[in-house]
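A short worksheet on the structure shown next.
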Protein chains: 2
Amino acid sequence: MSCFILDPTLQADCHHLGRLPCCHVLLHRNAAVAWFILVPETQEQDLLSLPAVLREPVMEECSRIAAFVREHFQCPKINFAAIGNLVPQLHLHVVGRRATDLCWPRPVWGNLDRAVAYAPETLCGVIRALFAIRDFSTTQQEEKRP
Amino acid sequence: MSCFILDPTLQADCHHLGRLPCCHVLLHRNAAVAWFILVPETQEQDLLSLPAVLREPVMEECSRIAAFVREHFQCPKINFAAIGNLVPQLHLHVVGRRATDLCWPRPVWGNLDRAVAYAPETLCGVIRALFAIRDFSTTQQEEKRP
């Protein structure tokens, strides 16, 4: 049984859609951009401090999510980052960008003034589509909450 | 002979210190934070679009630079990002952060209002120290310019 607990800020800011073998797969609640956040189950706080044996499969999972964002959200550009100055738990941003989005060309962090919620049916469509990704699974515990 | 040309904006913004097997090693001219930029020799524009055979050694080189930043600049935290909304050539930010730096806890992109230049002797010290990194080499062509 895993005793890994997602950071409360990430839980509050994101829909917890499911997981891949190394990472929890979260989607930021702000639908203004296609903003996925992957959280590997590790106590290490910096991506570049991970041992290669964990860093490589984690990056492979990020690449799968990036390919999904390009196709499902029709985003030609992906921004990728591990920052964590405010939330210390290691989390990896995979953000689909396009030249028409709300804060292009600025990075999303601190520059998305307007929050747009996902419609429930849009969210369900994203989850259904995620099953095309190898090894994706969902428990959807969070989404069952009232 | 390589026909790879560094993006002019990166050339203007950075000191080109040398290279590792996959990446050119640049240091942002703004000394307010320890801000390295690694540029792999590829035409691909997104880190997460690289094939694993290139992504993995590139990430390994970023990890070596991150370890150097932690030790040489005494930075407890590393921010890592591949953004490229303004400069399309793939470049990877490895930024040393500490709670006392000029824009903590905000990310550096767009938030560093004040530019501080490296003193020449500080820059030489960085380059000398970089030789402790496996496979680092320098030509220092840029630094010879008047």
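Simple scheme: letters A, B, ... for chains in structure tokens order, numbers from 1 for residues in each chain, numbers from 1 for ligands in the order shown.
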
Q | Residue contacts of Arg29 in chain B (12 Å, only C-alpha atoms) excluding same-chain residues fewer than 3 positions away, as a ChimeraX atom specification | A | /B:9-17,26,32-37,114-120,122-123,143

For chain A versus chain B, which residues have an atom no more than 12 Å away, and what is each residue's nearest atom pair and distance in Å rounded to one decimal, using only C-alpha atoms, chain-then-number order, as JSON lines?
{"residue": "A:Glu44", "atom": "CA", "partner": "B:Lys77", "partner_atom": "CA", "distance": 11.3}
{"residue": "A:Gln45", "atom": "CA", "partner": "B:Lys77", "partner_atom": "CA", "distance": 8.5}
{"residue": "A:Asp46", "atom": "CA", "partner": "B:Ile78", "partner_atom": "CA", "distance": 6.4}
{"residue": "A:Leu47", "atom": "CA", "partner": "B:Phe80", "partner_atom": "CA", "distance": 7.7}
{"residue": "A:Leu48", "atom": "CA", "partner": "B:Ser63", "partner_atom": "CA", "distance": 4.8}
{"residue": "A:Ser49", "atom": "CA", "partner": "B:Ser63", "partner_atom": "CA", "distance": 6.8}
{"residue": "A:Leu50", "atom": "CA", "partner": "B:Ser63", "partner_atom": "CA", "distance": 8.6}
{"residue": "A:Pro51", "atom": "CA", "partner": "B:Ser63", "partner_atom": "CA", "distance": 9.3}
{"residue": "A:Ala52", "atom": "CA", "partner": "B:Glu60", "partner_atom": "CA", "distance": 7.5}
{"residue": "A:Val53", "atom": "CA", "partner": "B:Glu56", "partner_atom": "CA", "distance": 10.6}
{"residue": "A:Leu54", "atom": "CA", "partner": "B:Glu56", "partner_atom": "CA", "distance": 11.5}
{"residue": "A:Arg55", "atom": "CA", "partner": "B:Met59", "partner_atom": "CA", "distance": 8.5}
{"residue": "A:Glu56", "atom": "CA", "partner": "B:Glu56", "partner_atom": "CA", "distance": 6.5}
{"residue": "A:Pro57", "atom": "CA", "partner": "B:Glu56", "partner_atom": "CA", "distance": 9.8}
{"residue": "A:Val58", "atom": "CA", "partner": "B:Glu56", "partner_atom": "CA", "distance": 11.0}
{"residue": "A:Met59", "atom": "CA", "partner": "B:Leu48", "partner_atom": "CA", "distance": 7.8}
{"residue": "A:Glu60", "atom": "CA", "partner": "B:Ala52", "partner_atom": "CA", "distance": 7.4}
{"residue": "A:Glu61", "atom": "CA", "partner": "B:Leu48", "partner_atom": "CA", "distance": 9.6}
{"residue": "A:Cys62", "atom": "CA", "partner": "B:Leu48", "partner_atom": "CA", "distance": 7.0}
{"residue": "A:Ser63", "atom": "CA", "partner": "B:Leu48", "partner_atom": "CA", "distance": 4.8}
{"residue": "A:Arg64", "atom": "CA", "partner": "B:Leu48", "partner_atom": "CA", "distance": 8.3}
{"residue": "A:Ile65", "atom": "CA", "partner": "B:Leu48", "partner_atom": "CA", "distance": 9.1}
{"residue": "A:Ala66", "atom": "CA", "partner": "B:Leu48", "partner_atom": "CA", "distance": 6.5}
{"residue": "A:Ala67", "atom": "CA", "partner": "B:Ser49", "partner_atom": "CA", "distance": 7.8}
{"residue": "A:Phe68", "atom": "CA", "partner": "B:Leu48", "partner_atom": "CA", "distance": 11.3}
{"residue": "A:Val69", "atom": "CA", "partner": "B:Leu48", "partner_atom": "CA", "distance": 11.2}
{"residue": "A:Arg70", "atom": "CA", "partner": "B:Ser49", "partner_atom": "CA", "distance": 10.3}
{"residue": "A:Pro76", "atom": "CA", "partner": "B:Asp46", "partner_atom": "CA", "distance": 9.8}
{"residue": "A:Lys77", "atom": "CA", "partner": "B:Asp46", "partner_atom": "CA", "distance": 7.2}
{"residue": "A:Ile78", "atom": "CA", "partner": "B:Asp46", "partner_atom": "CA", "distance": 6.5}
{"residue": "A:Asn79", "atom": "CA", "partner": "B:Ile83", "partner_atom": "CA", "distance": 4.6}
{"residue": "A:Phe80", "atom": "CA", "partner": "B:Ala82", "partner_atom": "CA", "distance": 5.2}
{"residue": "A:Ala81", "atom": "CA", "partner": "B:Ala81", "partner_atom": "CA", "distance": 4.0}
{"residue": "A:Ala82", "atom": "CA", "partner": "B:Phe80", "partner_atom": "CA", "distance": 5.2}
{"residue": "A:Ile83", "atom": "CA", "partner": "B:Asn79", "partner_atom": "CA", "distance": 4.6}
{"residue": "A:Gly84", "atom": "CA", "partner": "B:Asn79", "partner_atom": "CA", "distance": 7.4}
{"residue": "A:Asn85", "atom": "CA", "partner": "B:Pro105", "partner_atom": "CA", "distance": 5.4}
{"residue": "A:Leu86", "atom": "CA", "partner": "B:Pro105", "partner_atom": "CA", "distance": 6.5}
{"residue": "A:Val87", "atom": "CA", "partner": "B:Pro105", "partner_atom": "CA", "distance": 10.1}
{"residue": "A:Pro88", "atom": "CA", "partner": "B:Lys77", "partner_atom": "CA", "distance": 9.8}
{"residue": "A:Leu90", "atom": "CA", "partner": "B:Asn79", "partner_atom": "CA", "distance": 11.0}
{"residue": "A:His91", "atom": "CA", "partner": "B:Phe80", "partner_atom": "CA", "distance": 11.3}
{"residue": "A:Leu92", "atom": "CA", "partner": "B:Ala81", "partner_atom": "CA", "distance": 9.6}
{"residue": "A:His93", "atom": "CA", "partner": "B:Ala81", "partner_atom": "CA", "distance": 9.0}
{"residue": "A:Val94", "atom": "CA", "partner": "B:Leu48", "partner_atom": "CA", "distance": 9.0}
{"residue": "A:Val95", "atom": "CA", "partner": "B:Ile83", "partner_atom": "CA", "distance": 9.5}
{"residue": "A:Gly96", "atom": "CA", "partner": "B:Ile83", "partner_atom": "CA", "distance": 10.6}
{"residue": "A:Arg97", "atom": "CA", "partner": "B:Asn85", "partner_atom": "CA", "distance": 8.5}
{"residue": "A:Arg98", "atom": "CA", "partner": "B:Asn85", "partner_atom": "CA", "distance": 9.0}
{"residue": "A:Ala99", "atom": "CA", "partner": "B:Asn85", "partner_atom": "CA", "distance": 8.7}
{"residue": "A:Asp101", "atom": "CA", "partner": "B:Asn85", "partner_atom": "CA", "distance": 11.8}
{"residue": "A:Cys103", "atom": "CA", "partner": "B:Asn85", "partner_atom": "CA", "distance": 10.8}
{"residue": "A:Trp104", "atom": "CA", "partner": "B:Asn85", "partner_atom": "CA", "distance": 7.6}
{"residue": "A:Pro105", "atom": "CA", "partner": "B:Asn85", "partner_atom": "CA", "distance": 5.4}
{"residue": "A:Arg106", "atom": "CA", "partner": "B:Asn85", "partner_atom": "CA", "distance": 7.3}
{"residue": "A:Pro107", "atom": "CA", "partner": "B:Ile83", "partner_atom": "CA", "distance": 7.4}
{"residue": "A:Val108", "atom": "CA", "partner": "B:Ile83", "partner_atom": "CA", "distance": 10.1}
{"residue": "A:Trp109", "atom": "CA", "partner": "B:Pro107", "partner_atom": "CA", "distance": 7.4}
{"residue": "A:Gly110", "atom": "CA", "partner": "B:Arg106", "partner_atom": "CA", "distance": 7.7}
{"residue": "A:Asn111", "atom": "CA", "partner": "B:Gly110", "partner_atom": "CA", "distance": 9.6}

Expected file: the selected residues, C-alpha atoms, as a PDB file, in the first residue's frame:
ATOM      1  CA  GLU A  44      13.215  14.202  -3.806  1.00  0.00           C
ATOM      2  CA  GLN A  45      12.220  17.822  -4.510  1.00  0.00           C
ATOM      3  CA  ASP A  46      14.233  18.613  -7.667  1.00  0.00           C
ATOM      4  CA  LEU A  47      13.846  16.783 -10.980  1.00  0.00           C
ATOM      5  CA  LEU A  48      17.570  17.080 -11.635  1.00  0.00           C
ATOM      6  CA  SER A  49      18.367  15.435  -8.282  1.00  0.00           C
ATOM      7  CA  LEU A  50      16.530  12.232  -9.185  1.00  0.00           C
ATOM      8  CA  PRO A  51      18.705   9.223  -9.935  1.00  0.00           C
ATOM      9  CA  ALA A  52      18.689   8.399 -13.669  1.00  0.00           C
ATOM     10  CA  VAL A  53      16.860   5.142 -12.963  1.00  0.00           C
ATOM     11  CA  LEU A  54      13.827   7.182 -11.833  1.00  0.00           C
ATOM     12  CA  ARG A  55      14.382  10.358 -13.901  1.00  0.00           C
ATOM     13  CA  GLU A  56      14.258   8.468 -17.202  1.00  0.00           C
ATOM     14  CA  PRO A  57      10.871   6.734 -16.773  1.00  0.00           C
ATOM     15  CA  VAL A  58       9.453   9.947 -15.275  1.00  0.00           C
ATOM     16  CA  MET A  59      10.567  11.900 -18.369  1.00  0.00           C
ATOM     17  CA  GLU A  60       9.144   9.159 -20.587  1.00  0.00           C
ATOM     18  CA  GLU A  61       5.757   9.589 -18.855  1.00  0.00           C
ATOM     19  CA  CYS A  62       5.977  13.363 -19.329  1.00  0.00           C
ATOM     20  CA  SER A  63       6.645  12.757 -23.030  1.00  0.00           C
ATOM     21  CA  ARG A  64       3.546  10.574 -23.295  1.00  0.00           C
ATOM     22  CA  ILE A  65       1.413  13.296 -21.701  1.00  0.00           C
ATOM     23  CA  ALA A  66       2.989  15.918 -23.981  1.00  0.00           C
ATOM     24  CA  ALA A  67       2.097  13.860 -27.057  1.00  0.00           C
ATOM     25  CA  PHE A  68      -1.451  13.546 -25.710  1.00  0.00           C
ATOM     26  CA  VAL A  69      -1.717  17.324 -25.163  1.00  0.00           C
ATOM     27  CA  ARG A  70      -0.486  18.030 -28.693  1.00  0.00           C
ATOM     28  CA  PRO A  76       1.627  22.932 -31.311  1.00  0.00           C
ATOM     29  CA  LYS A  77       3.945  23.878 -28.431  1.00  0.00           C
ATOM     30  CA  ILE A  78       4.670  22.295 -25.041  1.00  0.00           C
ATOM     31  CA  ASN A  79       6.158  24.176 -22.085  1.00  0.00           C
ATOM     32  CA  PHE A  80       7.819  21.892 -19.561  1.00  0.00           C
ATOM     33  CA  ALA A  81       9.052  22.866 -16.107  1.00  0.00           C
ATOM     34  CA  ALA A  82       9.975  21.705 -12.629  1.00  0.00           C
ATOM     35  CA  ILE A  83       9.891  24.797 -10.412  1.00  0.00           C
ATOM     36  CA  GLY A  84       8.522  24.089  -6.935  1.00  0.00           C
ATOM     37  CA  ASN A  85       9.495  27.310  -5.186  1.00  0.00           C
ATOM     38  CA  LEU A  86       6.092  27.462  -3.495  1.00  0.00           C
ATOM     39  CA  VAL A  87       5.035  23.792  -3.445  1.00  0.00           C
ATOM     40  CA  PRO A  88       8.069  21.721  -2.449  1.00  0.00           C
ATOM     41  CA  LEU A  90       8.245  17.497  -6.859  1.00  0.00           C
ATOM     42  CA  HIS A  91       5.732  18.191  -9.625  1.00  0.00           C
ATOM     43  CA  LEU A  92       6.288  18.569 -13.346  1.00  0.00           C
ATOM     44  CA  HIS A  93       4.361  21.003 -15.507  1.00  0.00           C
ATOM     45  CA  VAL A  94       3.444  19.850 -19.030  1.00  0.00           C
ATOM     46  CA  VAL A  95       1.584  22.787 -20.552  1.00  0.00           C
ATOM     47  CA  GLY A  96       0.098  22.936 -24.021  1.00  0.00           C
ATOM     48  CA  ARG A  97       0.535  26.348 -25.613  1.00  0.00           C
ATOM     49  CA  ARG A  98      -0.650  28.101 -28.713  1.00  0.00           C
ATOM     50  CA  ALA A  99      -0.148  31.617 -30.025  1.00  0.00           C
ATOM     51  CA  ASP A 101      -3.889  31.446 -25.651  1.00  0.00           C
ATOM     52  CA  CYS A 103      -0.968  34.660 -21.831  1.00  0.00           C
ATOM     53  CA  TRP A 104       1.100  33.770 -24.914  1.00  0.00           C
ATOM     54  CA  PRO A 105       4.076  34.183 -25.217  1.00  0.00           C
ATOM     55  CA  ARG A 106       4.572  34.567 -21.466  1.00  0.00           C
ATOM     56  CA  PRO A 107       4.950  31.443 -19.318  1.00  0.00           C
ATOM     57  CA  VAL A 108       1.763  30.462 -17.487  1.00  0.00           C
ATOM     58  CA  TRP A 109       3.202  30.778 -13.970  1.00  0.00           C
ATOM     59  CA  GLY A 110       1.955  34.039 -12.495  1.00  0.00           C
ATOM     60  CA  ASN A 111       0.584  35.240 -15.835  1.00  0.00           C
TER      61      ASN A 111
END

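Backbone DSSP assigns strand (DSSP E or B) in range 54-115 of chain B to Lys77, Ile78, Asn79, Phe80, Ala81, Ala82, Leu92, His93, Val94, Val95, Gly96 and Arg97 of chain B.
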
Restricted to C-alpha atoms, what would the selected residues look like written as a short mmCIF file (atom, residue, chain, number, x, y, z; two decimals), in the first residue's frame?
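Listing of part-v4.cif after writing:
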data_model
loop_
_atom_site.label_atom_id
_atom_site.label_comp_id
_atom_site.auth_asym_id
_atom_site.auth_seq_id
_atom_site.Cartn_x
_atom_site.Cartn_y
_atom_site.Cartn_z
CA LYS B 77 16.99 24.78 -5.12
CA ILE B 78 17.09 24.25 -8.90
CA ASN B 79 14.39 25.45 -11.29
CA PHE B 80 14.39 23.57 -14.58
CA ALA B 81 12.40 24.49 -17.69
CA ALA B 82 12.07 24.14 -21.43
CA LEU B 92 16.95 24.25 -21.27
CA HIS B 93 17.03 26.52 -18.25
CA VAL B 94 18.90 25.27 -15.17
CA VAL B 95 18.50 28.03 -12.61
CA GLY B 96 19.93 28.06 -9.11
CA ARG B 97 17.52 29.59 -6.60
#

Practice problem: Could you find all residues in chain A that DSSP calls helix (DSSP H, G or I) from the backbone, and write them as number ranges by chain? | Solution: A: 8-13, 47-49, 52-72, 120-130, 141-144

For those residues, write C-alpha atoms to a file as a PDB file, in the first residue's frame.
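Contents of out.pdb, as written:
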ATOM      1  CA  PRO A   8      -2.716  19.844  -0.457  1.00  0.00           C
ATOM      2  CA  THR A   9      -2.089  22.804  -2.794  1.00  0.00           C
ATOM      3  CA  LEU A  10      -1.799  20.481  -5.791  1.00  0.00           C
ATOM      4  CA  GLN A  11      -4.956  18.681  -4.666  1.00  0.00           C
ATOM      5  CA  ALA A  12      -6.792  22.012  -4.393  1.00  0.00           C
ATOM      6  CA  ASP A  13      -5.545  23.404  -7.704  1.00  0.00           C
ATOM      7  CA  LEU A  47      13.846  16.783 -10.980  1.00  0.00           C
ATOM      8  CA  LEU A  48      17.570  17.080 -11.635  1.00  0.00           C
ATOM      9  CA  SER A  49      18.367  15.435  -8.282  1.00  0.00           C
ATOM     10  CA  ALA A  52      18.689   8.399 -13.669  1.00  0.00           C
ATOM     11  CA  VAL A  53      16.860   5.142 -12.963  1.00  0.00           C
ATOM     12  CA  LEU A  54      13.827   7.182 -11.833  1.00  0.00           C
ATOM     13  CA  ARG A  55      14.382  10.358 -13.901  1.00  0.00           C
ATOM     14  CA  GLU A  56      14.258   8.468 -17.202  1.00  0.00           C
ATOM     15  CA  PRO A  57      10.871   6.734 -16.773  1.00  0.00           C
ATOM     16  CA  VAL A  58       9.453   9.947 -15.275  1.00  0.00           C
ATOM     17  CA  MET A  59      10.567  11.900 -18.369  1.00  0.00           C
ATOM     18  CA  GLU A  60       9.144   9.159 -20.587  1.00  0.00           C
ATOM     19  CA  GLU A  61       5.757   9.589 -18.855  1.00  0.00           C
ATOM     20  CA  CYS A  62       5.977  13.363 -19.329  1.00  0.00           C
ATOM     21  CA  SER A  63       6.645  12.757 -23.030  1.00  0.00           C
ATOM     22  CA  ARG A  64       3.546  10.574 -23.295  1.00  0.00           C
ATOM     23  CA  ILE A  65       1.413  13.296 -21.701  1.00  0.00           C
ATOM     24  CA  ALA A  66       2.989  15.918 -23.981  1.00  0.00           C
ATOM     25  CA  ALA A  67       2.097  13.860 -27.057  1.00  0.00           C
ATOM     26  CA  PHE A  68      -1.451  13.546 -25.710  1.00  0.00           C
ATOM     27  CA  VAL A  69      -1.717  17.324 -25.163  1.00  0.00           C
ATOM     28  CA  ARG A  70      -0.486  18.030 -28.693  1.00  0.00           C
ATOM     29  CA  GLU A  71      -3.067  15.715 -30.196  1.00  0.00           C
ATOM     30  CA  HIS A  72      -6.102  16.016 -27.910  1.00  0.00           C
ATOM     31  CA  PRO A 120     -17.840  18.160 -16.517  1.00  0.00           C
ATOM     32  CA  GLU A 121     -18.365  16.613 -19.946  1.00  0.00           C
ATOM     33  CA  THR A 122     -15.087  18.078 -21.206  1.00  0.00           C
ATOM     34  CA  LEU A 123     -13.278  16.599 -18.222  1.00  0.00           C
ATOM     35  CA  CYS A 124     -14.867  13.188 -18.851  1.00  0.00           C
ATOM     36  CA  GLY A 125     -13.774  13.413 -22.473  1.00  0.00           C
ATOM     37  CA  VAL A 126     -10.186  14.106 -21.398  1.00  0.00           C
ATOM     38  CA  ILE A 127     -10.195  11.110 -19.028  1.00  0.00           C
ATOM     39  CA  ARG A 128     -11.655   8.802 -21.657  1.00  0.00           C
ATOM     40  CA  ALA A 129      -9.041   9.935 -24.158  1.00  0.00           C
ATOM     41  CA  LEU A 130      -6.219   9.439 -21.628  1.00  0.00           C
ATOM     42  CA  GLN A 141     -11.821   9.126  -6.375  1.00  0.00           C
ATOM     43  CA  GLU A 142     -11.593  12.884  -6.389  1.00  0.00           C
ATOM     44  CA  GLU A 143     -14.092  13.345  -9.187  1.00  0.00           C
ATOM     45  CA  LYS A 144     -16.693  11.265  -7.318  1.00  0.00           C
TER      46      LYS A 144
END

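Separating CA of Asp7 in chain A from CA of Leu112 in chain B is a distance of 27.9 Å.
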
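Counting from CA of Phe4 in chain A, the distance to CA of Cys22 in chain A is 11.9 Å.
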
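In this model, the gap between CA of Thr42 in chain A and CA of Phe136 in chain A comes to 18.8 Å.
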
Item to complete: Please provide the set of residues having any atom within 8 Å of Gly18 in chain B, restricted to only C-alpha atoms, with same-chain residues fewer than 2 positions apart removed, written as a PyMOL selection string.
Response: chain B and resi 16+20+24-26+136-140

Restrict the selected residues to C-alpha atoms and save them as a compact mmCIF listing (two decimals), in the first residue's frame.
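Full text of out-v1.txt as output:
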# COMPACT_ATOMS: atom_id res chain seq x y z
CA HIS B 16 28.88 30.83 -24.25
CA LEU B 20 29.22 18.94 -23.01
CA HIS B 24 26.29 23.88 -25.55
CA VAL B 25 26.70 25.36 -22.07
CA LEU B 26 25.60 28.99 -21.74
CA PHE B 136 33.13 19.68 -20.19
CA SER B 137 35.23 21.57 -22.72
CA THR B 138 35.49 25.21 -23.67
CA THR B 139 36.66 27.15 -26.68
CA GLN B 140 35.91 30.53 -25.16
